[in-house]
Structure formats: structure tokens, C-alpha cells
$ cat start_22.pdb   # PDB, C-alpha atoms, pLDDT in the B column
ATOM      1  CA  MET A   1     136.750  97.776 130.736  1.00 75.00           C
ATOM      2  CA  GLU A   2     134.097  98.094 133.436  1.00 83.00           C
ATOM      3  CA  GLN A   3     132.923 101.463 132.144  1.00 88.00           C
ATOM      4  CA  LEU A   4     132.569 100.160 128.578  1.00 87.00           C
ATOM      5  CA  TRP A   5     130.776  97.045 129.903  1.00 88.00           C
ATOM      6  CA  GLU A   6     128.241  99.203 131.770  1.00 89.00           C
ATOM      7  CA  GLN A   7     127.743 101.510 128.777  1.00 91.00           C
ATOM      8  CA  MET A   8     126.959  98.515 126.579  1.00 89.00           C
ATOM      9  CA  LYS A   9     124.481  97.145 129.116  1.00 91.00           C
ATOM     10  CA  MET A  10     122.716 100.513 129.195  1.00 91.00           C
ATOM     11  CA  SER A  11     122.615 100.824 125.409  1.00 92.00           C
ATOM     12  CA  LEU A  12     121.133  97.322 125.150  1.00 94.00           C
ATOM     13  CA  GLN A  13     118.116  98.416 127.196  1.00 93.00           C
ATOM     14  CA  LYS A  14     117.388 101.059 124.537  1.00 94.00           C
ATOM     15  CA  CYS A  15     118.077  98.773 121.576  1.00 95.00           C
ATOM     16  CA  GLU A  16     115.546  98.796 118.726  1.00 95.00           C
ATOM     17  CA  ARG A  17     117.529  96.808 116.142  1.00 94.00           C
ATOM     18  CA  CYS A  18     114.715  94.275 115.697  1.00 95.00           C
ATOM     19  CA  GLY A  19     111.029  93.840 116.495  1.00 94.00           C
ATOM     20  CA  LEU A  20     111.677  91.999 119.765  1.00 96.00           C
ATOM     21  CA  CYS A  21     112.121  95.382 121.443  1.00 95.00           C
ATOM     22  CA  ARG A  22     108.345  95.894 121.209  1.00 95.00           C
ATOM     23  CA  THR A  23     107.432  92.779 123.197  1.00 94.00           C
ATOM     24  CA  ARG A  24     110.230  92.536 125.772  1.00 95.00           C
ATOM     25  CA  THR A  25     110.011  93.518 129.416  1.00 95.00           C
ATOM     26  CA  GLN A  26     113.751  94.085 129.410  1.00 95.00           C
ATOM     27  CA  ALA A  27     116.801  93.048 127.438  1.00 96.00           C
ATOM     28  CA  VAL A  28     118.975  90.438 129.150  1.00 97.00           C
ATOM     29  CA  TRP A  29     122.684  91.237 129.028  1.00 96.00           C
ATOM     30  CA  GLY A  30     124.085  88.319 131.028  1.00 97.00           C
ATOM     31  CA  VAL A  31     125.273  87.281 134.460  1.00 97.00           C
ATOM     32  CA  GLY A  32     128.523  86.241 136.032  1.00 96.00           C
ATOM     33  CA  ASN A  33     132.090  87.271 136.595  1.00 95.00           C
ATOM     34  CA  PRO A  34     133.377  89.442 133.725  1.00 91.00           C
ATOM     35  CA  ARG A  35     136.942  88.506 134.736  1.00 92.00           C
ATOM     36  CA  THR A  36     136.464  84.837 133.908  1.00 95.00           C
ATOM     37  CA  ARG A  37     137.815  83.046 130.864  1.00 97.00           C
ATOM     38  CA  VAL A  38     134.747  80.772 130.458  1.00 98.00           C
ATOM     39  CA  LEU A  39     131.683  81.983 128.563  1.00 98.00           C
ATOM     40  CA  LEU A  40     128.434  80.015 128.274  1.00 98.00           C
ATOM     41  CA  VAL A  41     126.074  81.087 125.489  1.00 98.00           C
ATOM     42  CA  GLY A  42     122.420  80.081 125.210  1.00 98.00           C
ATOM     43  CA  GLU A  43     119.887  81.062 122.573  1.00 96.00           C
ATOM     44  CA  ALA A  44     117.478  83.684 123.986  1.00 96.00           C
ATOM     45  CA  PRO A  45     115.737  84.711 127.199  1.00 96.00           C
ATOM     46  CA  GLY A  46     112.521  82.972 128.171  1.00 94.00           C
ATOM     47  CA  LYS A  47     109.610  84.350 130.181  1.00 94.00           C
ATOM     48  CA  ASN A  48     111.363  84.230 133.571  1.00 94.00           C
ATOM     49  CA  GLU A  49     114.536  85.711 132.141  1.00 95.00           C
ATOM     50  CA  ASP A  50     112.591  88.534 130.476  1.00 95.00           C
ATOM     51  CA  GLU A  51     110.942  89.343 133.810  1.00 95.00           C
ATOM     52  CA  GLN A  52     114.073  89.068 135.986  1.00 95.00           C
ATOM     53  CA  GLY A  53     116.706  90.362 133.563  1.00 95.00           C
ATOM     54  CA  GLU A  54     119.048  87.398 134.037  1.00 96.00           C
ATOM     55  CA  PRO A  55     119.668  84.394 131.765  1.00 97.00           C
ATOM     56  CA  PHE A  56     118.714  80.872 132.833  1.00 97.00           C
ATOM     57  CA  VAL A  57     116.645  81.612 135.945  1.00 95.00           C
ATOM     58  CA  GLY A  58     113.706  79.275 135.350  1.00 91.00           C
ATOM     59  CA  ARG A  59     113.609  75.491 135.626  1.00 94.00           C
ATOM     60  CA  SER A  60     116.286  75.077 132.965  1.00 95.00           C
ATOM     61  CA  GLY A  61     118.493  77.523 134.859  1.00 96.00           C
ATOM     62  CA  GLN A  62     118.093  75.506 138.039  1.00 97.00           C
ATOM     63  CA  LEU A  63     119.236  72.409 136.161  1.00 98.00           C
ATOM     64  CA  LEU A  64     122.144  74.316 134.632  1.00 98.00           C
ATOM     65  CA  ASP A  65     123.221  75.534 138.081  1.00 98.00           C
ATOM     66  CA  LYS A  66     123.198  71.948 139.399  1.00 98.00           C
ATOM     67  CA  MET A  67     125.318  70.740 136.481  1.00 97.00           C
ATOM     68  CA  LEU A  68     127.744  73.622 136.936  1.00 98.00           C
ATOM     69  CA  ALA A  69     128.041  72.879 140.652  1.00 98.00           C
ATOM     70  CA  VAL A  70     129.134  69.311 139.871  1.00 97.00           C
ATOM     71  CA  VAL A  71     132.228  70.744 138.149  1.00 98.00           C
ATOM     72  CA  ASP A  72     132.839  73.536 140.699  1.00 97.00           C
ATOM     73  CA  LEU A  73     131.476  76.345 138.545  1.00 98.00           C
ATOM     74  CA  ASP A  74     129.069  79.038 139.672  1.00 97.00           C
ATOM     75  CA  ARG A  75     127.341  81.811 137.718  1.00 96.00           C
ATOM     76  CA  LYS A  76     128.197  84.405 140.375  1.00 94.00           C
ATOM     77  CA  ARG A  77     131.814  83.372 140.912  1.00 96.00           C
ATOM     78  CA  ASN A  78     133.779  81.996 137.971  1.00 97.00           C
ATOM     79  CA  ILE A  79     131.841  81.903 134.683  1.00 98.00           C
ATOM     80  CA  TYR A  80     129.797  84.281 132.544  1.00 98.00           C
ATOM     81  CA  ILE A  81     126.450  83.347 130.964  1.00 98.00           C
ATOM     82  CA  THR A  82     124.696  85.175 128.147  1.00 98.00           C
ATOM     83  CA  ASN A  83     122.534  84.450 125.107  1.00 98.00           C
ATOM     84  CA  ILE A  84     122.880  84.947 121.357  1.00 97.00           C
ATOM     85  CA  VAL A  85     119.636  86.984 121.334  1.00 97.00           C
ATOM     86  CA  LYS A  86     119.142  89.433 124.186  1.00 98.00           C
ATOM     87  CA  CYS A  87     115.325  89.797 124.097  1.00 97.00           C
ATOM     88  CA  ARG A  88     112.648  87.157 124.506  1.00 96.00           C
ATOM     89  CA  PRO A  89     111.030  85.910 121.304  1.00 96.00           C
ATOM     90  CA  PRO A  90     107.224  85.708 121.769  1.00 94.00           C
ATOM     91  CA  GLU A  91     105.971  82.329 123.023  1.00 90.00           C
ATOM     92  CA  ASN A  92     109.623  81.273 123.491  1.00 86.00           C
ATOM     93  CA  ARG A  93     109.911  80.478 119.781  1.00 93.00           C
ATOM     94  CA  ASP A  94     113.336  80.073 118.187  1.00 92.00           C
ATOM     95  CA  PRO A  95     114.885  83.433 117.347  1.00 95.00           C
ATOM     96  CA  ALA A  96     114.524  84.404 113.702  1.00 94.00           C
ATOM     97  CA  PRO A  97     117.728  84.831 111.645  1.00 93.00           C
ATOM     98  CA  GLU A  98     117.241  88.602 111.482  1.00 95.00           C
ATOM     99  CA  GLU A  99     116.887  88.743 115.284  1.00 96.00           C
ATOM    100  CA  VAL A 100     120.105  86.764 115.707  1.00 95.00           C
ATOM    101  CA  ALA A 101     121.853  89.057 113.225  1.00 95.00           C
ATOM    102  CA  ALA A 102     120.602  92.143 115.090  1.00 95.00           C
ATOM    103  CA  CYS A 103     122.089  90.922 118.380  1.00 95.00           C
ATOM    104  CA  LEU A 104     125.391  89.495 117.184  1.00 94.00           C
ATOM    105  CA  GLY A 105     127.179  92.795 117.668  1.00 94.00           C
ATOM    106  CA  TYR A 106     126.436  92.684 121.377  1.00 96.00           C
ATOM    107  CA  LEU A 107     127.741  89.129 121.682  1.00 96.00           C
ATOM    108  CA  ARG A 108     130.861  90.030 119.706  1.00 95.00           C
ATOM    109  CA  GLU A 109     131.550  92.945 122.047  1.00 94.00           C
ATOM    110  CA  GLN A 110     130.956  90.781 125.125  1.00 95.00           C
ATOM    111  CA  THR A 111     133.399  88.225 123.729  1.00 96.00           C
ATOM    112  CA  ARG A 112     135.951  90.885 122.820  1.00 94.00           C
ATOM    113  CA  ILE A 113     135.892  92.355 126.323  1.00 94.00           C
ATOM    114  CA  LEU A 114     135.779  89.030 128.199  1.00 95.00           C
ATOM    115  CA  GLU A 115     138.519  87.439 126.059  1.00 96.00           C
ATOM    116  CA  PRO A 116     137.334  83.906 126.899  1.00 98.00           C
ATOM    117  CA  ARG A 117     139.594  80.912 126.395  1.00 98.00           C
ATOM    118  CA  ILE A 118     136.524  78.653 126.399  1.00 98.00           C
ATOM    119  CA  ILE A 119     133.002  79.066 124.992  1.00 98.00           C
ATOM    120  CA  VAL A 120     130.283  76.524 125.742  1.00 98.00           C
ATOM    121  CA  CYS A 121     127.263  76.695 123.439  1.00 98.00           C
ATOM    122  CA  LEU A 122     124.091  75.655 125.246  1.00 98.00           C
ATOM    123  CA  GLY A 123     121.893  74.165 122.557  1.00 97.00           C
ATOM    124  CA  ARG A 124     121.521  74.051 118.804  1.00 95.00           C
ATOM    125  CA  ILE A 125     120.865  77.746 118.128  1.00 94.00           C
ATOM    126  CA  SER A 126     124.073  79.013 119.688  1.00 96.00           C
ATOM    127  CA  ALA A 127     126.168  76.070 118.433  1.00 97.00           C
ATOM    128  CA  THR A 128     125.042  76.533 114.825  1.00 96.00           C
ATOM    129  CA  ARG A 129     125.811  80.233 115.009  1.00 95.00           C
ATOM    130  CA  ILE A 130     129.133  80.056 116.879  1.00 96.00           C
ATOM    131  CA  ILE A 131     130.677  76.668 116.045  1.00 97.00           C
ATOM    132  CA  ASP A 132     129.290  75.446 112.717  1.00 97.00           C
ATOM    133  CA  PRO A 133     126.032  76.046 110.807  1.00 96.00           C
ATOM    134  CA  GLY A 134     125.611  72.281 110.422  1.00 97.00           C
ATOM    135  CA  PHE A 135     126.225  71.463 114.105  1.00 98.00           C
ATOM    136  CA  LYS A 136     124.100  68.544 115.380  1.00 97.00           C
ATOM    137  CA  VAL A 137     123.885  68.536 119.170  1.00 97.00           C
ATOM    138  CA  THR A 138     122.958  64.861 119.471  1.00 96.00           C
ATOM    139  CA  ARG A 139     126.005  63.799 117.414  1.00 97.00           C
ATOM    140  CA  GLU A 140     128.607  66.465 118.185  1.00 98.00           C
ATOM    141  CA  HIS A 141     127.980  67.443 121.806  1.00 98.00           C
ATOM    142  CA  GLY A 142     131.093  67.438 123.963  1.00 98.00           C
ATOM    143  CA  GLN A 143     133.481  67.677 121.005  1.00 98.00           C
ATOM    144  CA  TRP A 144     135.988  70.516 121.148  1.00 98.00           C
ATOM    145  CA  VAL A 145     136.942  72.774 118.267  1.00 98.00           C
ATOM    146  CA  GLU A 146     139.312  75.720 118.269  1.00 97.00           C
ATOM    147  CA  LYS A 147     138.672  78.979 116.439  1.00 96.00           C
ATOM    148  CA  GLY A 148     140.913  82.001 116.796  1.00 94.00           C
ATOM    149  CA  GLY A 149     142.509  80.611 119.945  1.00 95.00           C
ATOM    150  CA  ILE A 150     139.141  80.008 121.639  1.00 98.00           C
ATOM    151  CA  HIS A 151     138.170  76.431 122.464  1.00 98.00           C
ATOM    152  CA  MET A 152     134.477  75.778 121.841  1.00 98.00           C
ATOM    153  CA  MET A 153     132.106  72.977 122.669  1.00 98.00           C
ATOM    154  CA  GLY A 154     128.384  72.529 122.134  1.00 98.00           C
ATOM    155  CA  THR A 155     126.136  70.663 124.524  1.00 98.00           C
ATOM    156  CA  PHE A 156     122.448  70.130 125.184  1.00 98.00           C
ATOM    157  CA  HIS A 157     120.341  73.118 126.182  1.00 97.00           C
ATOM    158  CA  PRO A 158     119.061  72.606 129.752  1.00 97.00           C
ATOM    159  CA  ALA A 159     115.450  73.043 128.564  1.00 95.00           C
ATOM    160  CA  ALA A 160     116.003  70.179 126.101  1.00 96.00           C
ATOM    161  CA  LEU A 161     117.278  68.044 128.982  1.00 98.00           C
ATOM    162  CA  LEU A 162     114.077  68.730 130.898  1.00 97.00           C
ATOM    163  CA  ARG A 163     112.100  67.483 127.889  1.00 97.00           C
ATOM    164  CA  ASN A 164     114.441  64.531 127.243  1.00 97.00           C
ATOM    165  CA  PRO A 165     116.000  63.512 130.579  1.00 97.00           C
ATOM    166  CA  GLY A 166     117.653  60.510 128.932  1.00 97.00           C
ATOM    167  CA  ASN A 167     120.297  62.928 127.592  1.00 98.00           C
ATOM    168  CA  LYS A 168     121.327  64.115 131.078  1.00 97.00           C
ATOM    169  CA  PRO A 169     124.201  61.588 131.448  1.00 98.00           C
ATOM    170  CA  ALA A 170     125.681  62.716 128.119  1.00 98.00           C
ATOM    171  CA  ALA A 171     125.352  66.372 129.132  1.00 98.00           C
ATOM    172  CA  LEU A 172     127.009  65.654 132.474  1.00 97.00           C
ATOM    173  CA  ALA A 173     129.889  64.000 130.618  1.00 98.00           C
ATOM    174  CA  ASP A 174     130.198  67.194 128.538  1.00 98.00           C
ATOM    175  CA  PHE A 175     130.476  69.253 131.729  1.00 98.00           C
ATOM    176  CA  LEU A 176     133.110  66.891 133.120  1.00 98.00           C
ATOM    177  CA  GLY A 177     135.006  67.460 129.873  1.00 98.00           C
ATOM    178  CA  LEU A 178     134.593  71.199 130.395  1.00 98.00           C
ATOM    179  CA  ARG A 179     136.200  70.912 133.831  1.00 98.00           C
ATOM    180  CA  GLU A 180     139.197  69.130 132.293  1.00 98.00           C
ATOM    181  CA  LYS A 181     139.494  71.744 129.529  1.00 98.00           C
ATOM    182  CA  ILE A 182     139.451  74.543 132.136  1.00 98.00           C
ATOM    183  CA  ARG A 183     142.174  72.797 134.131  1.00 97.00           C
ATOM    184  CA  GLN A 184     144.229  72.500 130.962  1.00 97.00           C
ATOM    185  CA  LEU A 185     143.737  76.011 129.512  1.00 97.00           C
ATOM    186  CA  CYS A 186     142.807  78.400 132.306  1.00 97.00           C
ATOM    187  CA  PRO A 187     143.057  76.811 135.778  1.00 97.00           C
ATOM    188  CA  GLU A 188     142.895  80.280 137.342  1.00 96.00           C
ATOM    189  CA  VAL A 189     139.120  80.128 136.742  1.00 96.00           C
ATOM    190  CA  TYR A 190     138.907  77.839 139.763  1.00 96.00           C
ATOM    191  CA  GLU A 191     140.625  80.470 141.899  1.00 93.00           C
ATOM    192  CA  LEU A 192     138.065  83.206 141.185  1.00 87.00           C
TER     193      LEU A 192
END

$ encode --input "start_22.pdb" --output "C-alpha cells"
Amino acid sequence: MEQLWEQMKMSLQKCERCGLCRTRTQAVWGVGNPRTRVLLVGEAPGKNEDEQGEPFVGRSGQLLDKMLAVVDLDRKRNIYITNIVKCRPPENRDPAPEEVAACLGYLREQTRILEPRIIVCLGRISATRIIDPGFKVTREHGQWVEKGGIHMMGTFHPAALLRNPGNKPAALADFLGLREKIRQLCPEVYEL
């Protein structure tokens, strides 16, 4: 598994499946423990992520880390974080459908290798692609669905919480629900 994982990371750096390859500093594979059963999926790298090669390292990443800490999760220890799109869209715009389509193979392979029991979609872009095309974060956040044996939940993107801090209590409730779902489905995550 580890050899295949590393090969995929290397091939991503050479990827030219869409035009984002021309403006990126580097493609962002993900960060975390590949032995976990909990996968968090955002939409695309931002400026800081493009520079550092790791998802959620700017202000929104700091907020995400604080929310994860409340429920005893840590990006280095017991979860894995990635994005739908692996390269930064210019000016942090939403990824175009063709860019999402170009990257989906990488996400599918990450999911196949990780075999998560739980996927948390951070924001509208990932939730509409993974859970349901009509997903509305403000109405459906924190609700669990099961597809192919994987339990999935969408919640607010941390950057959206920075813009609309009034949604932080609802997002925190979603993370508390995540902790309960982990305890129910894969408690070993807390032993990693």
C-alpha cells in the first residue's frame, strides 16, 4: 500500500490533466495518517496550501485544527485530509467542473487505498460531488448518509466559518456528531 501511495503522490506532481497545472506551485496530495478510517475532503488548495503542499494550512486550517482538537482528532495522528481538486484554482475561485472531473481519479484512488468508514465533506463543493449534487450545507450539515458502506456527512467549510462566524456553533455540533460516529463505527481511530 505504501509504495502505491507514494507512486500516486509522485505522479500527481507531474499531472497535466487540466489547465491548473500551468498555474500551480505544486499539487497538494493530502496530509494525515493513511491508516485511519476517517477522511476529510475539502474543495481545493488555496494560496498557502499551494505554497506549502499541505491542505488547510492557512487561517481556515488553523480553525479546522481547533475544531478537530475539541473532538480529539489531529491531522498528524488519526485522520486524513485531502481535497477534491489537487491544484489551486487562480484567485481561489471555485474549481470548474472539468477540473473536478480531472482530479476525481486521484480522490477515488485515495479512498480505495484508505478504505475509510467515514468521510466528512468540508463545504459545498465536496458535499455536492460526494454526497448529493443538490446538497445544501446550511440545511443538511451534520446529517449522515451511507453509501457503499461509508458513512458521510457534510459540514461548513472552515473558510466559510471565518466569513460567517455565526455558523461556528452548528459546525461544532457537527464535529461532536463526528466524534460519536467514530466511537460507533471505528473506535480504533482514537487509539492511533

$ resolve_selection --input "start_22.pdb" --expression "the PyMOL selection byres ((chain A and resi 150) around 9)" --output "count of residues only"
12

$ closest_atom_pairs --input "start_22.pdb" --of "segment 107-148 of chain A" --to "segment 153-160 of chain A" --cutoff "12 Å" --atoms "all atoms listed in the file" --output "tab-separated table"
residue	atom	partner	partner_atom	distance
A:Arg117	CA	A:Met153	CA	11.5
A:Ile118	CA	A:Met153	CA	8.1
A:Ile119	CA	A:Met153	CA	6.6
A:Val120	CA	A:Met153	CA	5.0
A:Cys121	CA	A:Gly154	CA	4.5
A:Leu122	CA	A:His157	CA	4.6
A:Gly123	CA	A:His157	CA	4.1
A:Arg124	CA	A:His157	CA	7.5
A:Ile125	CA	A:His157	CA	9.3
A:Ser126	CA	A:Gly154	CA	8.2
A:Ala127	CA	A:Gly154	CA	5.6
A:Thr128	CA	A:Gly154	CA	9.0
A:Arg129	CA	A:Gly154	CA	10.8
A:Ile130	CA	A:Gly154	CA	9.2
A:Ile131	CA	A:Gly154	CA	7.7
A:Asp132	CA	A:Gly154	CA	9.9
A:Phe135	CA	A:Gly154	CA	8.4
A:Lys136	CA	A:Gly154	CA	8.9
A:Val137	CA	A:Thr155	CA	6.2
A:Thr138	CA	A:Phe156	CA	7.8
A:Arg139	CA	A:Thr155	CA	9.9
A:Glu140	CA	A:Gly154	CA	7.2
A:His141	CA	A:Thr155	CA	4.6
A:Gly142	CA	A:Met153	CA	5.8
A:Gln143	CA	A:Met153	CA	5.7
A:Trp144	CA	A:Met153	CA	4.8
A:Val145	CA	A:Met153	CA	6.5
A:Glu146	CA	A:Met153	CA	8.9
A:Lys147	CA	A:Met153	CA	10.9

$ atom_distance --input "start_22.pdb" --atom1 "atom CA of Lys66 of chain A" --atom2 "atom CA of Ala171 of chain A"
11.9 Å

$ residues_around --input "start_22.pdb" --residues "Glu6 of chain A" --least-positions-apart "3" --cutoff "12 Å" --atoms "only C-alpha atoms" --output "PyMOL selection string"
chain A and resi 1-3+9-13+29-30+34+110+113

$ closest_residue --input "start_22.pdb" --among "A:Cys87, A:Val100, A:Cys18, A:Ile81" --to "Thr36 of chain A" --atoms "only C-alpha atoms"
A:Ile81

$ residues_around --input "start_22.pdb" --residues "Val70 of chain A" --least-positions-apart "4" --cutoff "10 Å" --atoms "all atoms listed in the file" --output "ChimeraX atom specification"
/A:65-66,74,172,175-176,179

$ closest_residue --input "start_22.pdb" --among "A:Pro187, A:Pro95, A:Gly134, A:Gly166" --to "Gly46 of chain A" --atoms "all atoms listed in the file"
A:Pro95

$ atom_distance --input "start_22.pdb" --atom1 "atom CA of Asp72 of chain A" --atom2 "atom CA of Arg37 of chain A"
14.6 Å

$ closest_residue --input "start_22.pdb" --among "A:Asn167, A:Gln184, A:Gln7, A:Thr25" --to "Pro90 of chain A" --atoms "all atoms listed in the file"
A:Thr25

$ atom_distance --input "start_22.pdb" --atom1 "atom CA of Asn83 of chain A" --atom2 "atom CA of Ala170 of chain A"
22.2 Å

$ closest_residue --input "start_22.pdb" --among "A:Val38, A:Arg93, A:Ala69, A:Lys76" --to "Lys181 of chain A" --atoms "all atoms listed in the file"
A:Val38

$ closest_residue --input "start_22.pdb" --among "A:Tyr190, A:Arg108, A:Ser60, A:Val71" --to "Gly177 of chain A" --atoms "all atoms listed in the file"
A:Val71

$ axis_aligned_box --input "start_22.pdb" --around "segment 129-134 of chain A" --padding-each-side "5 Å" --output "lines of an AutoDock Vina configuration file"
center_x = 128.1
center_y = 76.3
center_z = 113.7
size_x = 15.1
size_y = 18.0
size_z = 16.5

$ resolve_selection --input "start_22.pdb" --expression "the PyMOL selection byres ((chain A and resi 55-59) around 7)" --output "VMD selection string"
chain A and resid 28 30 to 31 45 48 to 49 53 to 54 60 to 63 81 to 82

$ build_atoms --input "start_22.pdb" --residues "segment 130-156 of chain A" --atoms "N, CA and C atoms" --output "compact mmCIF listing (two decimals), in the frame of the given file"
# COMPACT_ATOMS: atom_id res chain seq x y z
N ILE A 130 127.77 79.81 116.41
CA ILE A 130 129.13 80.06 116.88
C ILE A 130 130.12 79.01 116.38
N ILE A 131 129.73 77.73 116.39
CA ILE A 131 130.68 76.67 116.04
C ILE A 131 130.62 76.32 114.57
N ASP A 132 129.43 75.90 114.10
CA ASP A 132 129.29 75.45 112.72
C ASP A 132 127.82 75.45 112.35
N PRO A 133 127.44 76.01 111.21
CA PRO A 133 126.03 76.05 110.81
C PRO A 133 125.38 74.66 110.72
N GLY A 134 126.16 73.63 110.51
CA GLY A 134 125.61 72.28 110.42
C GLY A 134 125.71 71.49 111.71
N PHE A 135 126.02 72.15 112.82
CA PHE A 135 126.22 71.46 114.10
C PHE A 135 124.97 70.68 114.51
N LYS A 136 125.17 69.42 114.89
CA LYS A 136 124.10 68.54 115.38
C LYS A 136 124.41 68.20 116.83
N VAL A 137 123.62 68.71 117.75
CA VAL A 137 123.88 68.54 119.17
C VAL A 137 123.93 67.06 119.55
N THR A 138 123.00 66.26 119.06
CA THR A 138 122.96 64.86 119.47
C THR A 138 124.19 64.08 119.01
N ARG A 139 124.82 64.50 117.91
CA ARG A 139 126.00 63.80 117.41
C ARG A 139 127.32 64.44 117.85
N GLU A 140 127.34 65.76 117.99
CA GLU A 140 128.61 66.46 118.18
C GLU A 140 128.80 67.07 119.57
N HIS A 141 127.84 66.86 120.46
CA HIS A 141 127.98 67.44 121.81
C HIS A 141 129.27 66.93 122.46
N GLY A 142 129.89 67.81 123.23
CA GLY A 142 131.09 67.44 123.96
C GLY A 142 132.38 67.44 123.15
N GLN A 143 132.28 67.65 121.84
CA GLN A 143 133.48 67.68 121.00
C GLN A 143 134.04 69.10 120.96
N TRP A 144 135.34 69.21 121.11
CA TRP A 144 135.99 70.52 121.15
C TRP A 144 136.52 70.91 119.77
N VAL A 145 136.34 72.18 119.45
CA VAL A 145 136.94 72.77 118.27
C VAL A 145 137.64 74.06 118.71
N GLU A 146 138.62 74.48 117.95
CA GLU A 146 139.31 75.72 118.27
C GLU A 146 139.17 76.69 117.10
N LYS A 147 138.79 77.91 117.44
CA LYS A 147 138.67 78.98 116.44
C LYS A 147 139.30 80.23 117.03
N GLY A 148 140.29 80.76 116.34
CA GLY A 148 140.91 82.00 116.80
C GLY A 148 141.46 81.93 118.20
N GLY A 149 141.94 80.77 118.61
CA GLY A 149 142.51 80.61 119.94
C GLY A 149 141.48 80.36 121.04
N ILE A 150 140.21 80.29 120.66
CA ILE A 150 139.14 80.01 121.64
C ILE A 150 138.68 78.57 121.44
N HIS A 151 138.64 77.82 122.51
CA HIS A 151 138.17 76.43 122.46
C HIS A 151 136.66 76.44 122.69
N MET A 152 135.94 75.75 121.81
CA MET A 152 134.48 75.78 121.84
C MET A 152 133.91 74.37 121.86
N MET A 153 132.80 74.25 122.57
CA MET A 153 132.11 72.98 122.67
C MET A 153 130.61 73.26 122.73
N GLY A 154 129.83 72.44 122.05
CA GLY A 154 128.38 72.53 122.13
C GLY A 154 127.85 71.40 123.00
N THR A 155 126.79 71.69 123.71
CA THR A 155 126.14 70.66 124.52
C THR A 155 124.63 70.90 124.49
N PHE A 156 123.90 70.04 125.15
CA PHE A 156 122.45 70.13 125.18
C PHE A 156 121.99 71.37 125.95
